[in-house]
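Student: One structure follows; several queries about it will come next.
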Amino acid sequence: GTSPHPPSKMKVLVGVKRVIDYAVKVRIAADKKGVELANVKMSMNPFCEIAVEEAIRMKEGKTATEIVAVSVGPKNAQEQIRTALAMGADRGVHVTTDMRLDQELQPLAVAKLLKEIVEKEAPDVVLLGKQSIDGDCAQTGPMLAAMLGWPQATMASELTFADGGVTAERETDNGTEVIQVGTPLVVTADLRLNEPRYAKLPNIMKAKKKKIEAIDAASLGVDLSPRIEVVEMNDPPTRAAGIVVEDVTALVDKLKNEASVIA
(Lines give C-alpha, C1' and ligand atoms only; values in the text may rest on other atoms or scores of the structure.)
Protein backbone atom coordinates (compact mmCIF):
# COMPACT_ATOMS: atom_id res chain seq x y z
CA GLY A 1 0.00 0.00 0.00
CA THR A 2 1.02 3.65 0.10
CA SER A 3 2.78 5.24 3.02
CA PRO A 4 0.98 7.64 5.38
CA HIS A 5 4.03 9.92 5.10
CA PRO A 6 4.28 12.50 2.32
CA PRO A 7 7.26 11.70 0.09
CA SER A 8 9.39 14.38 1.78
CA LYS A 9 9.33 12.54 5.10
CA MET A 10 10.76 9.17 4.18
CA LYS A 11 13.07 7.22 6.44
CA VAL A 12 15.58 5.09 4.53
CA LEU A 13 17.31 1.95 5.75
CA VAL A 14 20.33 1.14 3.60
CA GLY A 15 22.27 -2.12 3.73
CA VAL A 16 26.07 -2.31 3.50
CA LYS A 17 28.03 -5.54 3.18
CA ARG A 18 31.71 -6.15 3.95
CA VAL A 19 33.35 -8.00 1.05
CA ILE A 20 36.83 -8.60 -0.37
CA ASP A 21 37.79 -5.42 -2.23
CA TYR A 22 36.84 -5.65 -5.92
CA ALA A 23 40.45 -5.00 -7.05
CA VAL A 24 41.96 -7.87 -5.04
CA LYS A 25 42.97 -11.03 -6.88
CA VAL A 26 41.05 -13.68 -4.96
CA ARG A 27 42.96 -16.81 -3.91
CA ILE A 28 41.46 -20.17 -2.99
CA ALA A 29 42.37 -21.36 0.52
CA ALA A 30 44.61 -24.42 0.95
CA ASP A 31 41.70 -26.59 2.19
CA LYS A 32 39.66 -25.70 -0.96
CA LYS A 33 36.63 -24.93 1.23
CA GLY A 34 36.53 -21.29 0.22
CA VAL A 35 38.61 -18.24 -0.65
CA GLU A 36 41.42 -16.90 1.53
CA LEU A 37 40.21 -14.07 3.79
CA ALA A 38 43.26 -13.63 6.04
CA ASN A 39 45.24 -10.41 5.40
CA VAL A 40 43.01 -9.47 2.47
CA LYS A 41 41.78 -5.93 1.88
CA MET A 42 38.05 -5.66 2.67
CA SER A 43 35.71 -2.91 1.45
CA MET A 44 32.05 -2.04 1.06
CA ASN A 45 30.34 -4.07 -1.65
CA PRO A 46 30.23 -1.78 -4.76
CA PHE A 47 26.46 -2.21 -5.22
CA CYS A 48 25.95 -1.25 -1.57
CA GLU A 49 27.93 1.95 -2.23
CA ILE A 50 25.44 2.76 -5.00
CA ALA A 51 22.55 2.13 -2.57
CA VAL A 52 24.14 4.45 0.02
CA GLU A 53 24.70 7.13 -2.62
CA GLU A 54 21.05 6.92 -3.73
CA ALA A 55 19.86 7.29 -0.13
CA ILE A 56 22.05 10.40 0.30
CA ARG A 57 20.69 11.87 -2.93
CA MET A 58 17.15 11.25 -1.63
CA LYS A 59 18.06 13.25 1.49
CA GLU A 60 19.70 16.03 -0.53
CA GLY A 61 16.58 16.15 -2.72
CA LYS A 62 14.41 16.46 0.42
CA THR A 63 12.75 13.09 -0.28
CA ALA A 64 14.32 11.44 2.77
CA THR A 65 14.74 12.79 6.28
CA GLU A 66 16.92 10.11 7.87
CA ILE A 67 19.31 7.47 6.56
CA VAL A 68 20.16 4.48 8.75
CA ALA A 69 23.03 2.27 7.52
CA VAL A 70 22.84 -1.37 8.61
CA SER A 71 25.49 -4.06 8.28
CA VAL A 72 25.55 -7.68 9.37
CA GLY A 73 29.01 -8.95 10.17
CA PRO A 74 32.04 -9.16 12.45
CA LYS A 75 33.51 -6.38 14.58
CA ASN A 76 35.42 -5.04 11.55
CA ALA A 77 32.17 -4.48 9.61
CA GLN A 78 32.02 -1.22 11.59
CA GLU A 79 34.53 0.09 9.02
CA GLN A 80 31.94 -0.25 6.24
CA ILE A 81 29.26 1.41 8.40
CA ARG A 82 31.69 4.30 9.11
CA THR A 83 32.24 4.65 5.34
CA ALA A 84 28.47 4.96 4.84
CA LEU A 85 28.31 7.52 7.68
CA ALA A 86 31.19 9.48 6.12
CA MET A 87 29.36 9.48 2.78
CA GLY A 88 26.31 10.96 4.51
CA ALA A 89 24.22 8.38 6.39
CA ASP A 90 22.99 9.62 9.79
CA ARG A 91 23.54 6.65 12.07
CA GLY A 92 24.41 2.99 11.96
CA VAL A 93 23.07 -0.36 13.11
CA HIS A 94 25.60 -3.19 13.39
CA VAL A 95 24.15 -6.69 13.64
CA THR A 96 27.11 -8.61 15.01
CA THR A 97 28.05 -12.16 14.01
CA ASP A 98 31.29 -14.02 13.40
CA MET A 99 29.71 -16.23 10.74
CA ARG A 100 31.61 -16.12 7.47
CA LEU A 101 29.84 -13.54 5.28
CA ASP A 102 30.77 -14.87 1.84
CA GLN A 103 29.37 -18.39 2.28
CA GLU A 104 28.21 -19.30 5.83
CA LEU A 105 25.78 -16.43 6.48
CA GLN A 106 23.50 -16.87 3.48
CA PRO A 107 20.91 -14.51 1.91
CA LEU A 108 17.92 -16.12 3.65
CA ALA A 109 19.52 -15.56 7.06
CA VAL A 110 20.49 -11.97 6.18
CA ALA A 111 16.93 -11.26 4.97
CA LYS A 112 15.53 -12.60 8.27
CA LEU A 113 17.90 -10.38 10.26
CA LEU A 114 17.07 -7.33 8.13
CA LYS A 115 13.35 -8.01 8.61
CA GLU A 116 13.88 -7.72 12.39
CA ILE A 117 15.74 -4.42 11.92
CA VAL A 118 13.00 -3.13 9.57
CA GLU A 119 10.34 -3.92 12.18
CA LYS A 120 12.39 -2.07 14.81
CA GLU A 121 13.27 0.96 12.66
CA ALA A 122 10.06 1.25 10.57
CA PRO A 123 11.63 2.72 7.41
CA ASP A 124 9.61 3.70 4.34
CA VAL A 125 12.27 2.48 1.92
CA VAL A 126 14.92 -0.23 2.24
CA LEU A 127 17.77 0.30 -0.23
CA LEU A 128 20.14 -2.59 -0.89
CA GLY A 129 22.69 -3.43 -3.56
CA LYS A 130 21.29 -5.78 -6.23
CA GLN A 131 23.92 -8.37 -5.26
CA SER A 132 27.21 -8.74 -3.43
CA ILE A 133 30.39 -9.43 -5.37
CA ASP A 134 31.33 -12.41 -3.16
CA GLY A 135 28.25 -14.66 -3.19
CA ASP A 136 26.69 -13.02 -6.29
CA CYS A 137 23.29 -14.33 -5.21
CA ALA A 138 21.05 -11.26 -5.74
CA GLN A 139 18.56 -12.88 -3.31
CA THR A 140 18.59 -10.79 -0.12
CA GLY A 141 16.44 -7.92 -1.44
CA PRO A 142 13.71 -10.08 -3.01
CA MET A 143 13.60 -12.39 0.03
CA LEU A 144 13.28 -9.42 2.40
CA ALA A 145 10.46 -7.90 0.32
CA ALA A 146 8.62 -11.25 0.30
CA MET A 147 8.97 -11.67 4.09
CA LEU A 148 7.70 -8.13 4.72
CA GLY A 149 4.93 -8.40 2.11
CA TRP A 150 6.27 -5.19 0.52
CA PRO A 151 6.56 -4.32 -3.17
CA GLN A 152 10.06 -4.51 -4.64
CA ALA A 153 11.93 -2.62 -7.34
CA THR A 154 14.99 -4.75 -8.04
CA MET A 155 17.97 -3.90 -10.25
CA ALA A 156 16.89 -0.26 -10.32
CA SER A 157 18.76 2.05 -12.69
CA GLU A 158 16.57 5.11 -12.00
CA LEU A 159 14.23 6.11 -9.17
CA THR A 160 11.69 8.93 -9.05
CA PHE A 161 9.70 9.61 -5.88
CA ALA A 162 6.36 11.42 -6.06
CA ASP A 163 3.09 11.42 -4.05
CA GLY A 164 4.08 8.60 -1.73
CA GLY A 165 4.94 6.33 -4.66
CA VAL A 166 8.00 5.45 -6.66
CA THR A 167 8.64 5.10 -10.39
CA ALA A 168 11.58 2.77 -10.96
CA GLU A 169 13.41 1.91 -14.13
CA ARG A 170 14.70 -1.68 -13.94
CA GLU A 171 17.52 -3.36 -15.83
CA THR A 172 16.37 -6.68 -17.30
CA ASP A 173 18.05 -9.24 -19.56
CA ASN A 174 16.27 -7.86 -22.63
CA GLY A 175 16.15 -4.11 -21.98
CA THR A 176 14.68 -1.87 -19.29
CA GLU A 177 11.20 -1.78 -17.81
CA VAL A 178 9.50 0.98 -15.84
CA ILE A 179 7.32 0.08 -12.86
CA GLN A 180 5.31 2.12 -10.37
CA VAL A 181 5.14 0.96 -6.76
CA GLY A 182 3.88 2.32 -3.46
CA THR A 183 5.76 2.61 -0.20
CA PRO A 184 6.95 1.02 1.99
CA LEU A 185 9.14 -0.83 -0.48
CA VAL A 186 12.45 -2.59 -1.04
CA VAL A 187 14.76 -1.27 -3.77
CA THR A 188 17.92 -2.99 -5.01
CA ALA A 189 20.48 -0.83 -6.82
CA ASP A 190 21.98 -1.67 -10.20
CA LEU A 191 25.25 -0.31 -11.58
CA ARG A 192 23.73 2.54 -13.60
CA LEU A 193 21.66 4.01 -10.77
CA ASN A 194 24.39 6.52 -9.87
CA GLU A 195 28.12 7.14 -9.41
CA PRO A 196 28.94 6.97 -5.67
CA ARG A 197 30.86 9.89 -4.12
CA TYR A 198 34.08 9.61 -2.20
CA ALA A 199 33.85 10.62 1.46
CA LYS A 200 35.57 13.97 2.14
CA LEU A 201 38.06 14.17 5.02
CA PRO A 202 35.93 16.49 7.22
CA ASN A 203 33.00 14.08 6.81
CA ILE A 204 35.23 11.11 7.71
CA MET A 205 36.12 12.96 10.95
CA LYS A 206 32.45 13.80 11.64
CA ALA A 207 31.46 10.17 11.01
CA LYS A 208 33.57 9.11 14.01
CA LYS A 209 31.05 10.91 16.26
CA LYS A 210 27.95 9.39 14.66
CA LYS A 211 26.26 6.61 16.62
CA ILE A 212 26.43 2.92 15.71
CA GLU A 213 24.09 0.65 17.66
CA ALA A 214 25.38 -2.91 18.05
CA ILE A 215 22.86 -5.76 18.19
CA ASP A 216 23.93 -9.39 18.61
CA ALA A 217 22.52 -11.42 15.70
CA ALA A 218 21.83 -14.30 18.12
CA SER A 219 19.51 -12.04 20.15
CA LEU A 220 17.12 -11.51 17.21
CA GLY A 221 15.69 -15.00 17.45
CA VAL A 222 16.06 -16.11 13.84
CA ASP A 223 17.55 -19.29 12.38
CA LEU A 224 20.86 -18.38 10.75
CA SER A 225 21.96 -21.90 9.84
CA PRO A 226 23.28 -22.21 6.28
CA ARG A 227 21.17 -24.13 3.76
CA ILE A 228 24.02 -24.73 1.31
CA GLU A 229 27.45 -26.20 2.02
CA VAL A 230 30.51 -25.47 -0.10
CA VAL A 231 31.99 -28.91 -0.83
CA GLU A 232 35.03 -27.80 -2.82
CA MET A 233 36.28 -24.71 -4.57
CA ASN A 234 38.78 -24.71 -7.44
CA ASP A 235 40.32 -22.17 -9.79
CA PRO A 236 38.96 -22.24 -13.34
CA PRO A 237 41.30 -24.09 -15.74
CA THR A 238 44.00 -21.86 -17.19
CA ARG A 239 43.67 -21.18 -20.90
CA ALA A 240 46.38 -22.40 -23.26
CA ALA A 241 48.34 -19.67 -24.99
CA GLY A 242 46.98 -18.51 -28.35
CA ILE A 243 48.93 -18.75 -31.61
CA VAL A 244 49.39 -16.39 -34.52
CA VAL A 245 48.74 -17.90 -37.99
CA GLU A 246 50.47 -16.83 -41.20
CA ASP A 247 47.41 -16.40 -43.40
CA VAL A 248 43.75 -17.32 -43.94
CA THR A 249 44.64 -20.72 -45.46
CA ALA A 250 46.59 -21.66 -42.32
CA LEU A 251 43.71 -20.39 -40.14
CA VAL A 252 41.14 -22.51 -42.00
CA ASP A 253 43.45 -25.53 -41.78
CA LYS A 254 43.81 -25.16 -38.00
CA LEU A 255 40.08 -24.55 -37.45
CA LYS A 256 39.28 -27.64 -39.49
CA ASN A 257 41.96 -30.11 -38.40
CA GLU A 258 42.90 -29.02 -34.87
CA ALA A 259 39.95 -27.17 -33.39
CA SER A 260 37.25 -29.19 -35.23
CA VAL A 261 35.28 -25.97 -35.63
CA ILE A 262 34.49 -26.47 -39.31
CA ALA A 263 33.73 -29.78 -41.01
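Residues in the C-alpha coordinates are numbered from 1 in each chain, the chains being A, B, ... in the order shown, and ligands are numbered from 1 in the order shown.
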I need the residues of region 112-227 of chain A that end up classed as helix (DSSP H, G or I) by DSSP on the backbone, written out as a PyMOL selection string.
Tutor: chain A and resi 112-121+140-148+191-193+201-207+217-220
Student: Name the residues in contact with region 216-218 of chain A at a cut-off of 7 Å, using only C-alpha atoms, excluding same-chain residues fewer than 3 positions from it; report them as a list in words.
Tutor: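 So, after excluding close chain neighbours, the residues are Val95, Thr96, Thr97 and Gly221 of chain A.
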Student: Nearest to Asn203 (chain A): which of A:Met87, A:Val70, A:Ala250, A:Val110 is it, counting only C-alpha atoms?
Tutor: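 Distance minimum relative to Asn203 (chain A) lands on A:Met87.
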Student: Check the smallest atom-to-atom distance from each of A:Val93, A:Val186, A:Leu251, A:Val52 to Lys120 (chain A) using only C-alpha atoms, then report the winner.
Tutor: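 Comparing A:Val93, A:Val186, A:Leu251, A:Val52 against Lys120 (chain A), the winner is A:Val93.
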Student: Show me, as a Markdown table, the residues of region 96-144 of chain A having an atom within 12 Å of region 228-248 of chain A, each with the closest atom pair and its distance in Å, using only C-alpha atoms.
Tutor:
```
| residue | atom | partner | partner_atom | distance |
| --- | --- | --- | --- | --- |
| A:Asp102 | CA | A:Val230 | CA | 10.8 |
| A:Gln103 | CA | A:Val230 | CA | 7.6 |
| A:Glu104 | CA | A:Glu229 | CA | 7.9 |
| A:Leu105 | CA | A:Ile228 | CA | 9.9 |
| A:Gln106 | CA | A:Ile228 | CA | 8.2 |
| A:Pro107 | CA | A:Ile228 | CA | 10.7 |
| A:Leu108 | CA | A:Ile228 | CA | 10.8 |
| A:Ala109 | CA | A:Ile228 | CA | 11.7 |
| A:Gly135 | CA | A:Val230 | CA | 11.5 |
```
Student: From a backbone DSSP assignment, name each residue in region 3-147 of chain A labelled strand (DSSP E or B), as a VMD selection string.
Tutor: chain A and resid 10 to 15 18 to 20 28 35 42 to 44 64 to 73 91 to 96 125 to 129
Student: Skip Asn45 (chain A) itself and residues of its chain fewer than 5 positions away, then list as a PyMOL selection string all residues within 7 Å of it, counting only C-alpha atoms.
Tutor: chain A and resi 16-19+132-133
Student: Could you name the residues that touch Leu114 (chain A) at 12 Å or less, counting only C-alpha atoms, but leaving out those on the same chain fewer than 2 positions away, as a PyMOL selection string?
Tutor: chain A and resi 13-16+69-72+93-95+107-112+116-123+126-128+140-145+147-148+186+215+217+220+222+224
Student: Would you list the contacts of Lys59 (chain A) as a PDB file with N, CA and C atoms, in the first residue's frame, taking every protein, DNA or RNA residue within 10 Å and counting only C-alpha atoms, but skipping same-chain residues closer than 2 positions in sequence?
Tutor:
```pdb
ATOM      1  N   SER A   8       8.262  13.617   1.227  1.00  0.00           N
ATOM      2  CA  SER A   8       9.389  14.377   1.780  1.00  0.00           C
ATOM      3  C   SER A   8       9.773  13.911   3.180  1.00  0.00           C
ATOM      4  N   LYS A   9       9.060  12.942   3.723  1.00  0.00           N
ATOM      5  CA  LYS A   9       9.330  12.541   5.102  1.00  0.00           C
ATOM      6  C   LYS A   9       9.750  11.069   5.202  1.00  0.00           C
ATOM      7  N   MET A  10      10.411  10.587   4.185  1.00  0.00           N
ATOM      8  CA  MET A  10      10.763   9.167   4.181  1.00  0.00           C
ATOM      9  C   MET A  10      11.989   8.872   5.034  1.00  0.00           C
ATOM     10  N   LYS A  11      11.904   7.744   5.722  1.00  0.00           N
ATOM     11  CA  LYS A  11      13.070   7.219   6.444  1.00  0.00           C
ATOM     12  C   LYS A  11      13.622   6.079   5.594  1.00  0.00           C
ATOM     13  N   VAL A  12      14.945   6.084   5.393  1.00  0.00           N
ATOM     14  CA  VAL A  12      15.576   5.088   4.531  1.00  0.00           C
ATOM     15  C   VAL A  12      16.523   4.214   5.352  1.00  0.00           C
ATOM     16  N   GLU A  53      24.709   5.880  -1.843  1.00  0.00           N
ATOM     17  CA  GLU A  53      24.704   7.129  -2.617  1.00  0.00           C
ATOM     18  C   GLU A  53      23.273   7.553  -2.960  1.00  0.00           C
ATOM     19  N   GLU A  54      22.444   6.583  -3.359  1.00  0.00           N
ATOM     20  CA  GLU A  54      21.054   6.920  -3.727  1.00  0.00           C
ATOM     21  C   GLU A  54      20.284   7.442  -2.515  1.00  0.00           C
ATOM     22  N   ALA A  55      20.526   6.828  -1.356  1.00  0.00           N
ATOM     23  CA  ALA A  55      19.862   7.290  -0.132  1.00  0.00           C
ATOM     24  C   ALA A  55      20.261   8.736   0.194  1.00  0.00           C
ATOM     25  N   ILE A  56      21.563   9.038   0.024  1.00  0.00           N
ATOM     26  CA  ILE A  56      22.052  10.399   0.299  1.00  0.00           C
ATOM     27  C   ILE A  56      21.428  11.388  -0.685  1.00  0.00           C
ATOM     28  N   ARG A  57      21.318  10.981  -1.940  1.00  0.00           N
ATOM     29  CA  ARG A  57      20.685  11.873  -2.933  1.00  0.00           C
ATOM     30  C   ARG A  57      19.211  12.109  -2.607  1.00  0.00           C
ATOM     31  N   GLY A  61      17.746  15.713  -1.948  1.00  0.00           N
ATOM     32  CA  GLY A  61      16.583  16.150  -2.723  1.00  0.00           C
ATOM     33  C   GLY A  61      15.330  16.322  -1.875  1.00  0.00           C
ATOM     34  N   LYS A  62      15.490  16.270  -0.565  1.00  0.00           N
ATOM     35  CA  LYS A  62      14.411  16.460   0.425  1.00  0.00           C
ATOM     36  C   LYS A  62      13.329  15.369   0.343  1.00  0.00           C
ATOM     37  N   THR A  63      13.685  14.221  -0.250  1.00  0.00           N
ATOM     38  CA  THR A  63      12.749  13.093  -0.277  1.00  0.00           C
ATOM     39  C   THR A  63      12.866  12.288   1.007  1.00  0.00           C
ATOM     40  N   ALA A  64      14.078  12.212   1.536  1.00  0.00           N
ATOM     41  CA  ALA A  64      14.323  11.445   2.772  1.00  0.00           C
ATOM     42  C   ALA A  64      14.731  12.381   3.900  1.00  0.00           C
ATOM     43  N   THR A  65      14.360  11.997   5.114  1.00  0.00           N
ATOM     44  CA  THR A  65      14.740  12.794   6.283  1.00  0.00           C
ATOM     45  C   THR A  65      15.866  12.141   7.072  1.00  0.00           C
ATOM     46  N   GLU A  66      15.896  10.809   7.096  1.00  0.00           N
ATOM     47  CA  GLU A  66      16.918  10.110   7.873  1.00  0.00           C
ATOM     48  C   GLU A  66      17.394   8.876   7.121  1.00  0.00           C
ATOM     49  N   ILE A  67      18.713   8.647   7.190  1.00  0.00           N
ATOM     50  CA  ILE A  67      19.310   7.468   6.563  1.00  0.00           C
ATOM     51  C   ILE A  67      19.995   6.648   7.650  1.00  0.00           C
ATOM     52  N   GLY A  88      27.464  10.118   4.186  1.00  0.00           N
ATOM     53  CA  GLY A  88      26.306  10.964   4.507  1.00  0.00           C
ATOM     54  C   GLY A  88      25.156  10.311   5.247  1.00  0.00           C
ATOM     55  N   ALA A  89      25.275   9.017   5.581  1.00  0.00           N
ATOM     56  CA  ALA A  89      24.220   8.381   6.391  1.00  0.00           C
ATOM     57  C   ALA A  89      24.249   8.992   7.801  1.00  0.00           C
TER      58      ALA A  89
END
```
Student: Can you work out the spacing between CA of Ile212 (chain A) and CA of Ile81 (chain A) in Å, to one decimal?
Tutor: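 Value for the CA of Ile212 (chain A)-CA of Ile81 (chain A) distance: 8.0 Å.
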Student: Using only C-alpha atoms, which protein or nucleic acid residues come within 9 Å of Glu79 (chain A)? Drop anything in the same chain fewer than 5 positions from it, and give the result as a ChimeraX atom specification.
Tutor: /A:18,43-44,84
Student: Using only C-alpha atoms, which of A:Ala51, A:Leu191, A:Val35, A:Ile179 sits nearest Arg100 (chain A)?
Tutor: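 Nearest candidate to Arg100 (chain A) out of A:Ala51, A:Leu191, A:Val35, A:Ile179: A:Val35.
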